[in-house]
file my_file25.txt (compact mmCIF, C-alpha atoms)
# COMPACT_ATOMS: atom_id res chain seq x y z
CA MET A 16 -12.27 27.43 19.23
CA THR A 17 -9.39 29.73 20.12
CA THR A 18 -5.93 29.59 18.56
CA ARG A 19 -4.75 27.92 21.77
CA ASP A 20 -7.39 25.18 21.40
CA LEU A 21 -6.24 24.42 17.84
CA VAL A 22 -2.59 24.33 18.94
CA LEU A 23 -3.42 21.99 21.84
CA ILE A 24 -5.36 19.66 19.50
CA ALA A 25 -2.38 19.51 17.11
CA LEU A 26 0.11 18.96 19.97
CA PHE A 27 -1.81 16.04 21.47
CA ALA A 28 -2.37 14.48 18.03
CA ALA A 29 1.41 14.74 17.66
CA ILE A 30 2.02 13.21 21.13
CA THR A 31 -0.06 10.19 20.10
CA ALA A 32 2.10 9.90 16.98
CA VAL A 33 5.34 10.20 18.97
CA LEU A 34 4.17 7.46 21.35
CA GLY A 35 3.95 5.22 18.27
CA LEU A 36 7.66 5.77 17.54
CA PHE A 37 8.70 3.81 20.61
CA PRO A 38 9.45 0.20 19.97
CA ALA A 39 6.69 -1.98 21.41
CA LEU A 40 7.77 -2.69 24.99
CA THR A 41 7.59 -6.29 26.07
CA LEU A 42 6.09 -6.97 29.47
CA PRO A 43 8.48 -8.88 31.76
CA ILE A 44 5.91 -11.37 33.10
CA THR A 45 3.53 -12.11 30.25
CA GLY A 46 5.83 -11.42 27.30
CA VAL A 47 3.03 -9.68 25.39
CA PRO A 48 4.18 -6.70 23.32
CA VAL A 49 2.39 -3.51 24.29
CA THR A 50 2.44 -0.29 22.30
CA ALA A 51 2.21 3.06 24.03
CA GLN A 52 -0.31 4.67 21.70
CA THR A 53 -3.53 4.29 23.71
CA LEU A 54 -1.70 6.34 26.34
CA GLY A 55 -2.13 9.22 23.88
CA VAL A 56 -5.89 8.61 23.89
CA MET A 57 -6.02 8.71 27.70
CA LEU A 58 -3.77 11.79 27.94
CA ALA A 59 -5.75 13.72 25.31
CA GLY A 60 -9.04 13.06 27.14
CA SER A 61 -7.71 13.55 30.67
CA ILE A 62 -5.81 16.74 29.87
CA LEU A 63 -7.73 18.47 27.06
CA GLY A 64 -11.31 17.53 27.95
CA ALA A 65 -14.05 16.18 25.71
CA ARG A 66 -14.10 18.36 22.59
CA ARG A 67 -10.40 19.07 22.18
CA GLY A 68 -9.40 15.55 23.27
CA GLY A 69 -11.78 13.86 20.84
CA LEU A 70 -10.72 16.16 18.00
CA ALA A 71 -7.01 15.49 18.68
CA LEU A 72 -7.63 11.79 18.00
CA VAL A 73 -9.76 12.56 14.92
CA VAL A 74 -6.85 14.63 13.55
CA PHE A 75 -4.44 11.79 14.34
CA LEU A 76 -6.59 9.18 12.55
CA VAL A 77 -7.13 11.43 9.50
CA LEU A 78 -3.35 11.80 9.16
CA VAL A 79 -2.95 8.03 9.44
CA ALA A 80 -5.68 7.54 6.81
CA VAL A 81 -4.04 9.87 4.27
CA GLY A 82 -0.87 7.81 4.53
CA LEU A 83 1.40 9.04 7.32
CA PRO A 84 3.05 6.00 8.96
CA LEU A 85 2.09 7.08 12.49
CA LEU A 86 0.78 3.85 13.98
CA ALA A 87 3.17 1.78 16.10
CA GLY A 88 5.63 -0.07 13.88
CA GLY A 89 5.43 2.62 11.18
CA ARG A 90 2.08 1.55 9.76
CA GLY A 91 -0.52 3.80 8.23
CA GLY A 92 -2.68 4.43 5.21
CA ALA A 93 -6.23 3.56 4.29
CA ALA A 94 -5.50 -0.17 4.59
CA VAL A 95 -5.35 -0.20 8.41
CA PHE A 96 -8.97 1.01 8.57
CA SER A 97 -10.31 -2.03 6.79
CA GLY A 98 -8.49 -4.72 8.77
CA VAL A 99 -9.90 -7.09 11.37
CA THR A 100 -8.71 -4.87 14.24
CA ALA A 101 -9.82 -1.51 12.77
CA GLY A 102 -12.56 -1.17 15.43
CA PHE A 103 -9.90 -0.40 18.04
CA LEU A 104 -8.73 2.58 15.96
CA PHE A 105 -12.26 3.91 15.41
CA SER A 106 -12.90 3.75 19.15
CA TRP A 107 -9.97 6.08 20.00
CA PRO A 108 -11.70 9.45 19.36
CA VAL A 109 -14.83 8.22 21.15
CA ALA A 110 -12.76 7.05 24.11
CA ALA A 111 -10.85 10.36 24.31
CA PHE A 112 -14.14 12.29 24.13
CA VAL A 113 -15.78 10.22 26.90
CA ILE A 114 -12.68 10.41 29.13
CA GLY A 115 -12.65 14.18 28.60
CA TRP A 116 -16.38 14.53 29.28
CA LEU A 117 -16.19 12.55 32.53
CA THR A 118 -13.04 14.45 33.58
CA GLU A 119 -14.88 17.75 33.07
CA LYS A 120 -17.86 16.45 35.10
CA ALA A 121 -15.63 15.30 37.97
CA TRP A 122 -13.33 18.33 37.78
CA SER A 123 -14.07 20.01 41.14
CA ARG A 124 -13.20 16.81 43.07
CA TYR A 125 -10.86 15.28 40.45
CA ALA A 126 -8.23 13.13 42.23
CA LEU A 127 -6.32 9.92 41.52
CA LEU A 128 -9.27 7.60 42.18
CA HIS A 129 -11.53 9.51 39.75
CA ALA A 130 -8.76 9.73 37.17
CA VAL A 131 -8.08 5.99 37.33
CA SER A 132 -11.75 4.97 37.12
CA ILE A 133 -12.45 7.39 34.26
CA ASN A 134 -9.47 6.10 32.27
CA VAL A 135 -10.36 2.46 32.93
CA PHE A 136 -13.86 3.16 31.63
CA GLY A 137 -12.83 5.20 28.58
CA GLY A 138 -9.35 3.89 27.81
CA ILE A 139 -10.05 0.21 28.40
CA LEU A 140 -13.80 -0.54 28.35
CA ILE A 141 -14.77 1.72 25.44
CA VAL A 142 -11.70 0.86 23.37
CA TYR A 143 -12.25 -2.89 23.79
CA ALA A 144 -16.02 -2.57 23.26
CA GLY A 145 -15.34 -0.83 19.93
CA GLY A 146 -12.58 -3.23 18.91
CA ILE A 147 -14.47 -6.37 19.87
CA ALA A 148 -17.81 -5.19 18.42
CA TRP A 149 -16.03 -4.63 15.08
CA MET A 150 -14.38 -8.07 15.20
CA VAL A 151 -17.76 -9.71 15.89
CA ALA A 152 -19.96 -7.64 13.55
CA VAL A 153 -17.65 -6.97 10.60
CA ALA A 154 -15.20 -9.86 10.77
CA GLY A 155 -17.64 -12.50 12.05
CA ILE A 156 -15.35 -13.70 14.85
CA PRO A 157 -17.28 -15.40 17.70
CA LEU A 158 -17.59 -13.12 20.75
CA ASP A 159 -15.77 -15.40 23.21
CA LYS A 160 -12.79 -15.82 20.85
CA ALA A 161 -12.54 -12.06 20.35
CA LEU A 162 -12.63 -11.56 24.14
CA TYR A 163 -9.92 -14.14 24.87
CA GLY A 164 -7.75 -12.75 22.08
CA SER A 165 -7.84 -9.30 23.68
CA LEU A 166 -7.14 -10.34 27.29
CA PRO A 167 -3.31 -10.42 27.07
CA PHE A 168 -3.28 -6.68 26.40
CA ILE A 169 -5.12 -5.73 29.60
CA PRO A 170 -2.06 -5.58 31.95
CA GLY A 171 -0.29 -3.11 29.65
CA ASP A 172 -3.43 -1.00 29.42
CA ALA A 173 -3.70 -0.97 33.21
CA LEU A 174 -0.15 0.46 33.41
CA LYS A 175 -1.09 3.15 30.87
CA VAL A 176 -4.19 4.05 32.90
CA ILE A 177 -2.05 4.57 35.99
CA ALA A 178 0.49 6.67 34.03
CA ALA A 179 -2.17 8.88 32.40
CA ALA A 180 -4.15 9.31 35.63
CA THR A 181 -1.07 10.21 37.67
CA ALA A 182 0.07 12.71 35.06
CA ALA A 183 -3.36 14.39 34.85
CA VAL A 184 -3.70 14.64 38.65
CA ALA A 185 -0.14 15.98 38.96
CA LEU A 186 -0.95 18.69 36.39
CA LYS A 187 -4.01 19.68 38.40
CA ARG A 188 -1.99 19.81 41.62
CA TYR A 189 0.71 21.99 40.03
CA GLN A 190 -2.03 24.16 38.49
CA GLN A 191 -0.81 23.40 34.98
CA HIS A 192 -3.96 21.55 33.90
CA PRO A 193 -5.76 23.27 30.96
CA LEU A 194 -9.18 22.41 32.44
CA GLY A 195 -8.27 24.37 35.58
CA GLN A 196 -7.47 27.52 33.60
CA SER A 197 -10.41 29.81 32.95
CA ALA A 198 -9.37 30.84 29.41
CA MET B 26 12.44 9.79 10.45
CA LYS B 27 10.53 9.34 7.21
CA LEU B 28 7.05 10.81 7.48
CA THR B 29 5.54 9.37 4.32
CA LEU B 30 4.86 5.97 2.80
CA TYR B 31 4.72 7.33 -0.76
CA VAL B 32 7.06 5.63 -3.24
CA ARG B 33 7.84 7.69 -6.32
CA ARG B 34 7.44 5.84 -9.62
CA ASP B 35 6.47 6.69 -13.17
CA SER B 36 3.33 4.57 -13.56
CA PRO B 37 -0.32 4.88 -14.64
CA VAL B 38 -1.43 4.19 -11.03
CA HIS B 39 0.71 7.08 -9.77
CA ALA B 40 -0.57 9.32 -12.57
CA LEU B 41 -4.24 8.80 -11.66
CA SER B 42 -5.47 11.77 -9.60
CA ALA B 43 -5.84 11.41 -5.81
CA GLY B 44 -9.57 12.19 -5.99
CA TRP B 45 -10.15 9.37 -8.51
CA LYS B 46 -8.16 6.88 -6.48
CA LEU B 47 -10.04 7.77 -3.30
CA GLY B 48 -13.36 7.45 -5.18
CA LEU B 49 -12.34 4.04 -6.55
CA LEU B 50 -11.37 2.89 -3.04
CA LEU B 51 -14.80 3.86 -1.67
CA ALA B 52 -16.58 2.25 -4.66
CA THR B 53 -14.60 -0.98 -4.15
CA GLY B 54 -15.60 -1.02 -0.49
CA LEU B 55 -19.27 -0.91 -1.47
CA LEU B 56 -18.99 -3.35 -4.42
CA ILE B 57 -17.38 -6.17 -2.45
CA LEU B 58 -20.25 -6.10 0.05
CA LEU B 59 -22.71 -6.87 -2.78
CA THR B 60 -21.42 -10.35 -3.51
CA ASP B 61 -20.83 -13.58 -1.59
CA ASP B 62 -19.47 -15.30 -4.69
CA ILE B 63 -15.94 -16.45 -3.99
CA ARG B 64 -15.06 -16.46 -7.73
CA LEU B 65 -16.10 -12.82 -8.17
CA LEU B 66 -14.13 -11.82 -5.08
CA GLY B 67 -11.16 -13.81 -6.40
CA ILE B 68 -11.33 -11.85 -9.66
CA GLY B 69 -11.50 -8.60 -7.65
CA PHE B 70 -8.42 -9.56 -5.66
CA THR B 71 -6.53 -10.47 -8.85
CA LEU B 72 -7.46 -7.08 -10.36
CA THR B 73 -6.13 -5.32 -7.25
CA LEU B 74 -2.86 -7.25 -7.47
CA THR B 75 -2.62 -6.21 -11.13
CA GLY B 76 -2.70 -2.62 -9.85
CA PHE B 77 0.44 -3.37 -7.78
CA LEU B 78 2.19 -4.81 -10.84
CA LEU B 79 1.27 -1.72 -12.90
CA ALA B 80 2.58 0.58 -10.13
CA ARG B 81 5.99 -1.22 -10.11
CA LEU B 82 6.40 -0.79 -6.35
CA PRO B 83 9.37 -2.32 -4.52
CA LEU B 84 8.34 -5.52 -2.75
CA ALA B 85 10.07 -4.47 0.49
CA ASN B 86 7.82 -1.42 0.94
CA ILE B 87 4.70 -3.48 0.25
CA LEU B 88 5.70 -6.23 2.66
CA HIS B 89 6.67 -3.87 5.49
CA GLN B 90 3.13 -2.43 5.53
CA ALA B 91 1.27 -5.61 4.60
CA ARG B 92 3.00 -8.13 6.88
CA PRO B 93 1.23 -7.35 10.20
CA LEU B 94 -2.12 -7.13 8.41
CA LEU B 95 -1.48 -10.42 6.60
CA ILE B 96 -0.64 -12.18 9.88
CA VAL B 97 -3.93 -11.02 11.44
CA LEU B 98 -5.78 -12.12 8.28
CA ALA B 99 -4.16 -15.57 8.40
CA ILE B 100 -5.20 -16.02 12.06
CA PHE B 101 -8.65 -14.72 11.11
CA PHE B 102 -9.00 -17.27 8.29
CA ALA B 103 -7.75 -20.10 10.53
CA ALA B 104 -10.26 -19.13 13.25
CA HIS B 105 -13.09 -19.28 10.72
CA ALA B 106 -11.90 -22.60 9.28
CA LEU B 107 -11.92 -24.03 12.82
CA PHE B 108 -15.10 -22.53 14.23
CA THR B 109 -17.42 -21.78 11.29
CA THR B 110 -16.88 -22.92 7.70
CA VAL B 111 -13.95 -22.65 5.32
CA GLU B 112 -16.21 -21.04 2.67
CA LEU B 113 -17.37 -18.23 4.97
CA GLY B 114 -13.78 -17.72 6.14
CA ALA B 115 -12.55 -17.49 2.54
CA VAL B 116 -15.24 -14.96 1.53
CA LEU B 117 -14.63 -12.70 4.54
CA THR B 118 -10.84 -12.99 4.28
CA LEU B 119 -10.94 -12.13 0.56
CA ARG B 120 -13.10 -9.05 1.26
CA PHE B 121 -10.62 -7.81 3.87
CA ALA B 122 -7.68 -8.66 1.63
CA ILE B 123 -9.14 -6.64 -1.28
CA MET B 124 -9.78 -3.59 0.93
CA ILE B 125 -6.35 -3.80 2.56
CA ALA B 126 -4.61 -4.17 -0.80
CA CYS B 127 -6.54 -1.25 -2.35
CA GLY B 128 -5.82 0.96 0.66
CA LEU B 129 -2.14 0.06 0.52
CA LEU B 130 -1.99 0.76 -3.21
CA LEU B 131 -3.55 4.20 -2.66
CA THR B 132 -1.14 5.02 0.14
CA LEU B 133 2.02 3.89 -1.64
CA THR B 134 1.20 5.66 -4.93
CA THR B 135 -0.31 8.97 -3.74
CA ARG B 136 1.40 11.98 -2.12
CA VAL B 137 0.11 12.99 1.33
CA SER B 138 -0.20 16.59 0.09
CA ASP B 139 -2.46 15.46 -2.79
CA LEU B 140 -4.73 13.53 -0.43
CA MET B 141 -4.82 16.50 1.99
CA ALA B 142 -5.94 18.71 -0.91
CA VAL B 143 -8.77 16.29 -1.70
CA LEU B 144 -9.68 16.26 1.98
CA GLU B 145 -9.79 20.05 2.15
CA ARG B 146 -12.10 20.13 -0.90
CA ALA B 147 -14.27 17.39 0.64
CA LEU B 148 -14.62 19.48 3.83
CA GLN B 149 -15.87 22.61 1.96
CA PRO B 150 -19.58 21.57 2.01
CA PHE B 151 -19.41 21.35 5.82
CA ALA B 152 -18.31 24.98 6.20
CA PRO B 153 -21.89 26.21 6.89
CA LEU B 154 -22.07 23.71 9.80
CA GLY B 155 -19.23 25.50 11.56
CA LEU B 156 -16.38 23.33 10.32
CA ASP B 157 -13.73 25.66 8.95
CA PRO B 158 -11.68 23.81 6.27
CA GLU B 159 -8.88 26.38 6.59
CA LYS B 160 -8.56 25.86 10.36
CA ALA B 161 -8.72 22.10 9.82
CA SER B 162 -5.84 22.10 7.34
CA LEU B 163 -3.82 24.37 9.64
CA VAL B 164 -4.25 21.85 12.48
CA PHE B 165 -3.14 19.00 10.17
CA ALA B 166 -0.09 20.96 9.07
CA MET B 167 0.81 21.90 12.66
CA THR B 168 0.51 18.27 13.78
CA ILE B 169 2.91 17.10 11.07
CA ARG B 170 5.36 19.83 12.12
CA PHE B 171 5.02 19.03 15.85
CA ILE B 172 5.82 15.32 15.54
CA PRO B 173 9.61 15.68 15.03
CA ALA B 174 9.67 18.62 17.50
CA LEU B 175 8.01 16.56 20.25
CA ALA B 176 10.18 13.53 19.51
CA GLU B 177 13.15 15.84 20.14
CA THR B 178 11.62 17.16 23.40
CA TRP B 179 11.10 13.58 24.54
CA GLU B 180 14.77 12.82 23.88
CA THR B 181 15.82 15.93 25.86
CA VAL B 182 13.63 14.94 28.83
CA ARG B 183 14.94 11.40 28.70
CA ALA B 184 18.58 12.56 28.72
CA ALA B 185 17.87 14.92 31.63
CA GLN B 186 16.23 12.19 33.69
CA GLN B 187 18.96 9.71 32.77
CA ALA B 188 21.47 12.13 34.31
CA ARG B 189 19.42 11.88 37.51
CA GLY B 190 19.15 8.08 37.17
CA MET B 191 15.38 8.41 36.72
CA ASP B 192 14.99 7.42 33.07
CA ARG B 193 13.57 4.02 34.01
CA ASN B 194 10.57 5.63 35.69
CA PRO B 195 7.88 6.29 33.04
CA LEU B 196 6.24 8.99 35.19
CA ALA B 197 9.51 10.91 35.51
CA LEU B 198 9.39 11.18 31.71
CA LEU B 199 5.65 11.63 31.18
CA ILE B 200 4.97 14.47 33.63
CA PRO B 201 7.78 16.82 32.45
CA MET B 202 6.85 15.92 28.87
CA THR B 203 3.20 16.99 29.33
CA VAL B 204 4.16 20.15 31.25
CA LEU B 205 6.63 21.15 28.50
CA THR B 206 4.02 20.40 25.82
CA LEU B 207 1.38 22.57 27.54
CA ARG B 208 3.89 25.40 27.95
CA ARG B 209 4.80 25.10 24.30
CA ALA B 210 1.10 25.42 23.41
CA GLU B 211 1.08 28.86 25.10
CA GLN B 212 4.20 29.99 23.25
CA ILE B 213 2.95 28.80 19.86
CA SER B 214 -0.53 30.31 20.17
CA ASP B 215 0.99 33.59 21.40
CA ALA B 216 3.34 33.54 18.40
CA ILE B 217 0.45 32.89 15.97
CA GLU B 218 -1.64 35.68 17.48
CA ALA B 219 1.29 38.11 17.67
CA ARG B 220 1.60 37.77 13.89
CA GLY B 221 -1.98 38.91 13.55
CA ILE B 222 -3.23 35.62 12.14
CA ASP B 223 -6.89 35.53 13.02
CA LEU B 224 -8.18 32.02 13.62
call {"tool": "encode", "arguments": {"input": "my_file25.txt", "output": "structure tokens"}}
result
Amino acid sequence: MTTRDLVLIALFAAITAVLGLFPALTLPITGVPVTAQTLGVMLAGSILGARRGGLALVVFLVLVAVGLPLLAGGRGGAAVFSGVTAGFLFSWPVAAFVIGWLTEKAWSRYALLHAVSINVFGGILIVYAGGIAWMVAVAGIPLDKALYGSLPFIPGDALKVIAAATAAVALKRYQQHPLGQSA
Amino acid sequence: MKLTLYVRRDSPVHALSAGWKLGLLLATGLLILLTDDIRLLGIGFTLTLTGFLLARLPLANILHQARPLLIVLAIFFAAHALFTTVELGAVLTLRFAIMIACGLLLTLTTRVSDLMAVLERALQPFAPLGLDPEKASLVFAMTIRFIPALAETWETVRAAQQARGMDRNPLALLIPMTVLTLRRAEQISDAIEARGIDL
């Protein structure tokens, strides 16, 4: 890992934290509050690639665990990792890694369609699979209830996918994307 | 912006070392999985609450952190009472409540720097595997420093786009924000290397 890699990991961990500072935005149609933080997961994977993206989210979660109030609403500490919804948090580094890995694979033909499908897979499917598996296995909630409970958050996640994908593709087009630089 | 949840008090819970508290938290996590007895779990929960009394923490700080978790737990218990049995719901809810309370107690009574020191020591054995504890703690420190800096950058970008009437478009904020962040990464790594710090 070069100095630049370490700095990028720290910066994207910090971006995820900053996204948690925004008040949860309420969707006009459904009225479900959506936080911006999984956007950090998608951006880290789509922009930094697998290793750096995954590590950025590991760094973020470690800082939350030692007690920095970095989750949306100013929450943090060891307590949030033992709650009913902790599986969503644990899935973040995995999701960022997978998004990054797929982005690297698709790099030579990476365009909006790839970016959107990769972020839907990593940023929605993997995150919900982790969150719901935890609810079912650790908290004993029936699968169908866990699924229905998570549905209202899908529209907000779809918006975040579009935002992250557009940003990543724009960076590639303007030749600012770290994956396009040989260093 | 307050970047810590620690509440300073003169109490035996605060005085206990960070390593001990972390060890106790892990031990509690394992112990509560060994029993399904609701009375034993009840005793465990009462003991945890005693810890809060000993630590003399302000109720407002506890509630601010605990409220969202308590709401989820209440829904969780209600779901179990409806779809499985009240007993199973009570046992699972108590287990979660104990872990959440212990985690909260650790966080509110222990300095971030003390926990980071424990973490750095815990990472030492992994050094032969290629994980450099020194690099790791540098990344943690940089992240903490970058959070207020990036929040400021975000505000600058937002003001600039507001002047153009574009601040309602999330992409008009996100793209300049990521470009500025990537540029800043170059400047910072150049600055680190120019000072001869070998990472």
call {"tool": "closest_residue", "arguments": {"input": "my_file25.txt", "among": "B:Ala161, B:Ile87, B:Ile68, B:Leu49", "to": "Leu148 in chain B", "atoms": "all atoms listed in the file"}}
result
B:Ala161
call {"tool": "residues_around", "arguments": {"input": "my_file25.txt", "residues": "Leu63 in chain A", "least_positions_apart": "4", "cutoff": "7 Å", "atoms": "only C-alpha atoms", "output": "list in words"}}
result
Ala59, Arg67, Gly68, Gly115, Pro193 and Leu194 of chain A
call {"tool": "residues_near_point", "arguments": {"input": "my_file25.txt", "point": "(0.3, 5.5, -4.0)", "cutoff": "10 Å", "atoms": "all atoms listed in the file", "output": "PyMOL selection string"}}
result
(chain A and resi 82+92) or (chain B and resi 30-34+38-41+43+46+77+80+82+127-137)
call {"tool": "write_last_selection", "arguments": {"input": "my_file25.txt", "atoms": "C-alpha atoms", "output": "compact mmCIF listing (two decimals), keeping the file's coordinate frame"}}
result
# COMPACT_ATOMS: atom_id res chain seq x y z
CA GLY A 82 -0.87 7.81 4.53
CA GLY A 92 -2.68 4.43 5.21
CA LEU B 30 4.86 5.97 2.80
CA TYR B 31 4.72 7.33 -0.76
CA VAL B 32 7.06 5.63 -3.24
CA ARG B 33 7.84 7.69 -6.32
CA ARG B 34 7.44 5.84 -9.62
CA VAL B 38 -1.43 4.19 -11.03
CA HIS B 39 0.71 7.08 -9.77
CA ALA B 40 -0.57 9.32 -12.57
CA LEU B 41 -4.24 8.80 -11.66
CA ALA B 43 -5.84 11.41 -5.81
CA LYS B 46 -8.16 6.88 -6.48
CA PHE B 77 0.44 -3.37 -7.78
CA ALA B 80 2.58 0.58 -10.13
CA LEU B 82 6.40 -0.79 -6.35
CA CYS B 127 -6.54 -1.25 -2.35
CA GLY B 128 -5.82 0.96 0.66
CA LEU B 129 -2.14 0.06 0.52
CA LEU B 130 -1.99 0.76 -3.21
CA LEU B 131 -3.55 4.20 -2.66
CA THR B 132 -1.14 5.02 0.14
CA LEU B 133 2.02 3.89 -1.64
CA THR B 134 1.20 5.66 -4.93
CA THR B 135 -0.31 8.97 -3.74
CA ARG B 136 1.40 11.98 -2.12
CA VAL B 137 0.11 12.99 1.33
call {"tool": "closest_residue", "arguments": {"input": "my_file25.txt", "among": "B:Gly114, B:Gly44, B:Gly67, B:Pro158", "to": "chain A", "atoms": "all atoms listed in the file"}}
result
B:Gly114
call {"tool": "closest_residue", "arguments": {"input": "my_file25.txt", "among": "A:Val109, A:Ala51, A:Leu128, A:Leu174", "to": "Ala144 in chain A", "atoms": "all atoms listed in the file"}}
result
A:Val109
call {"tool": "interface_residues", "arguments": {"input": "my_file25.txt", "of": "chain A", "to": "chain B", "cutoff": "6 Å", "atoms": "all atoms listed in the file", "output": "list in words"}}
result
Thr18, Arg19, Val22, Leu23, Ala25, Ala29, Val33, Val81, Gly82, Leu83, Arg90, Gly92, Ala93, Ala94 and Ala182 of chain A
call {"tool": "atom_distance", "arguments": {"input": "my_file25.txt", "atom1": "CA of Leu55 in chain B", "atom2": "CA of Ile147 in chain A"}}
result
22.5 Å
call {"tool": "closest_residue", "arguments": {"input": "my_file25.txt", "among": "A:Phe27, A:Phe96, A:Tyr143, A:Trp149", "to": "Gly69 in chain A", "atoms": "only C-alpha atoms"}}
result
A:Phe27
call {"tool": "atom_distance", "arguments": {"input": "my_file25.txt", "atom1": "CA of Asp192 in chain B", "atom2": "CA of Gly89 in chain A"}}
result
24.4 Å
call {"tool": "residues_around", "arguments": {"input": "my_file25.txt", "residues": "Gly164 in chain A", "least_positions_apart": "3", "cutoff": "12 Å", "atoms": "all atoms listed in the file", "output": "PDB file with C-alpha atoms, keeping the file's coordinate frame"}}
result
ATOM      1  CA  VAL A  47       3.030  -9.680  25.390  1.00  0.00           C
ATOM      2  CA  THR A 100      -8.710  -4.870  14.240  1.00  0.00           C
ATOM      3  CA  TYR A 143     -12.250  -2.890  23.790  1.00  0.00           C
ATOM      4  CA  GLY A 146     -12.580  -3.230  18.910  1.00  0.00           C
ATOM      5  CA  ILE A 147     -14.470  -6.370  19.870  1.00  0.00           C
ATOM      6  CA  MET A 150     -14.380  -8.070  15.200  1.00  0.00           C
ATOM      7  CA  ILE A 156     -15.350 -13.700  14.850  1.00  0.00           C
ATOM      8  CA  PRO A 157     -17.280 -15.400  17.700  1.00  0.00           C
ATOM      9  CA  LEU A 158     -17.590 -13.120  20.750  1.00  0.00           C
ATOM     10  CA  ASP A 159     -15.770 -15.400  23.210  1.00  0.00           C
ATOM     11  CA  LYS A 160     -12.790 -15.820  20.850  1.00  0.00           C
ATOM     12  CA  ALA A 161     -12.540 -12.060  20.350  1.00  0.00           C
ATOM     13  CA  PRO A 167      -3.310 -10.420  27.070  1.00  0.00           C
ATOM     14  CA  PHE A 168      -3.280  -6.680  26.400  1.00  0.00           C
ATOM     15  CA  ILE A 169      -5.120  -5.730  29.600  1.00  0.00           C
TER      16      ILE A 169
ATOM     17  CA  VAL B  97      -3.930 -11.020  11.440  1.00  0.00           C
ATOM     18  CA  ILE B 100      -5.200 -16.020  12.060  1.00  0.00           C
ATOM     19  CA  PHE B 101      -8.650 -14.720  11.110  1.00  0.00           C
ATOM     20  CA  ALA B 104     -10.260 -19.130  13.250  1.00  0.00           C
TER      21      ALA B 104
END
call {"tool": "atom_distance", "arguments": {"input": "my_file25.txt", "atom1": "CA of Leu79 in chain B", "atom2": "CA of Gly48 in chain B"}}
result
18.9 Å
call {"tool": "decode", "arguments": {"input": "my_file25.txt", "residues": "range 116-126 of chain A", "atoms": "N, CA, C and O atoms", "output": "short mmCIF file (atom, residue, chain, number, x, y, z; two decimals), in the first residue's frame"}}
result
data_model
loop_
_atom_site.label_atom_id
_atom_site.label_comp_id
_atom_site.auth_asym_id
_atom_site.auth_seq_id
_atom_site.Cartn_x
_atom_site.Cartn_y
_atom_site.Cartn_z
N TRP A 116 -14.50 -4.80 -6.55
CA TRP A 116 -13.98 -5.93 -7.34
C TRP A 116 -14.65 -5.97 -8.71
O TRP A 116 -14.00 -6.09 -9.74
N LEU A 117 -15.99 -5.83 -8.71
CA LEU A 117 -16.72 -5.87 -9.98
C LEU A 117 -16.36 -4.66 -10.85
O LEU A 117 -16.25 -4.78 -12.07
N THR A 118 -16.18 -3.49 -10.20
CA THR A 118 -15.81 -2.29 -10.96
C THR A 118 -14.46 -2.50 -11.65
O THR A 118 -14.28 -2.14 -12.82
N GLU A 119 -13.50 -3.10 -10.90
CA GLU A 119 -12.19 -3.38 -11.50
C GLU A 119 -12.32 -4.33 -12.68
O GLU A 119 -11.69 -4.15 -13.72
N LYS A 120 -13.15 -5.38 -12.52
CA LYS A 120 -13.36 -6.36 -13.60
C LYS A 120 -13.93 -5.70 -14.85
O LYS A 120 -13.58 -6.04 -15.97
N ALA A 121 -14.89 -4.77 -14.64
CA ALA A 121 -15.61 -4.18 -15.76
C ALA A 121 -14.92 -2.93 -16.28
O ALA A 121 -15.43 -2.27 -17.19
N TRP A 122 -13.72 -2.60 -15.73
CA TRP A 122 -13.15 -1.29 -15.92
C TRP A 122 -13.04 -0.85 -17.38
O TRP A 122 -13.44 0.27 -17.73
N SER A 123 -12.55 -1.73 -18.27
CA SER A 123 -12.27 -1.29 -19.65
C SER A 123 -13.54 -0.84 -20.38
O SER A 123 -13.49 0.03 -21.24
N ARG A 124 -14.71 -1.42 -19.98
CA ARG A 124 -15.96 -0.98 -20.65
C ARG A 124 -16.92 -0.34 -19.65
O ARG A 124 -18.13 -0.28 -19.90
N TYR A 125 -16.38 0.12 -18.50
CA TYR A 125 -17.20 0.68 -17.42
C TYR A 125 -17.99 1.91 -17.90
O TYR A 125 -17.43 2.91 -18.31
N ALA A 126 -19.34 1.79 -17.90
CA ALA A 126 -20.20 2.91 -18.25
C ALA A 126 -21.41 2.88 -17.30
O ALA A 126 -21.47 2.03 -16.41
#
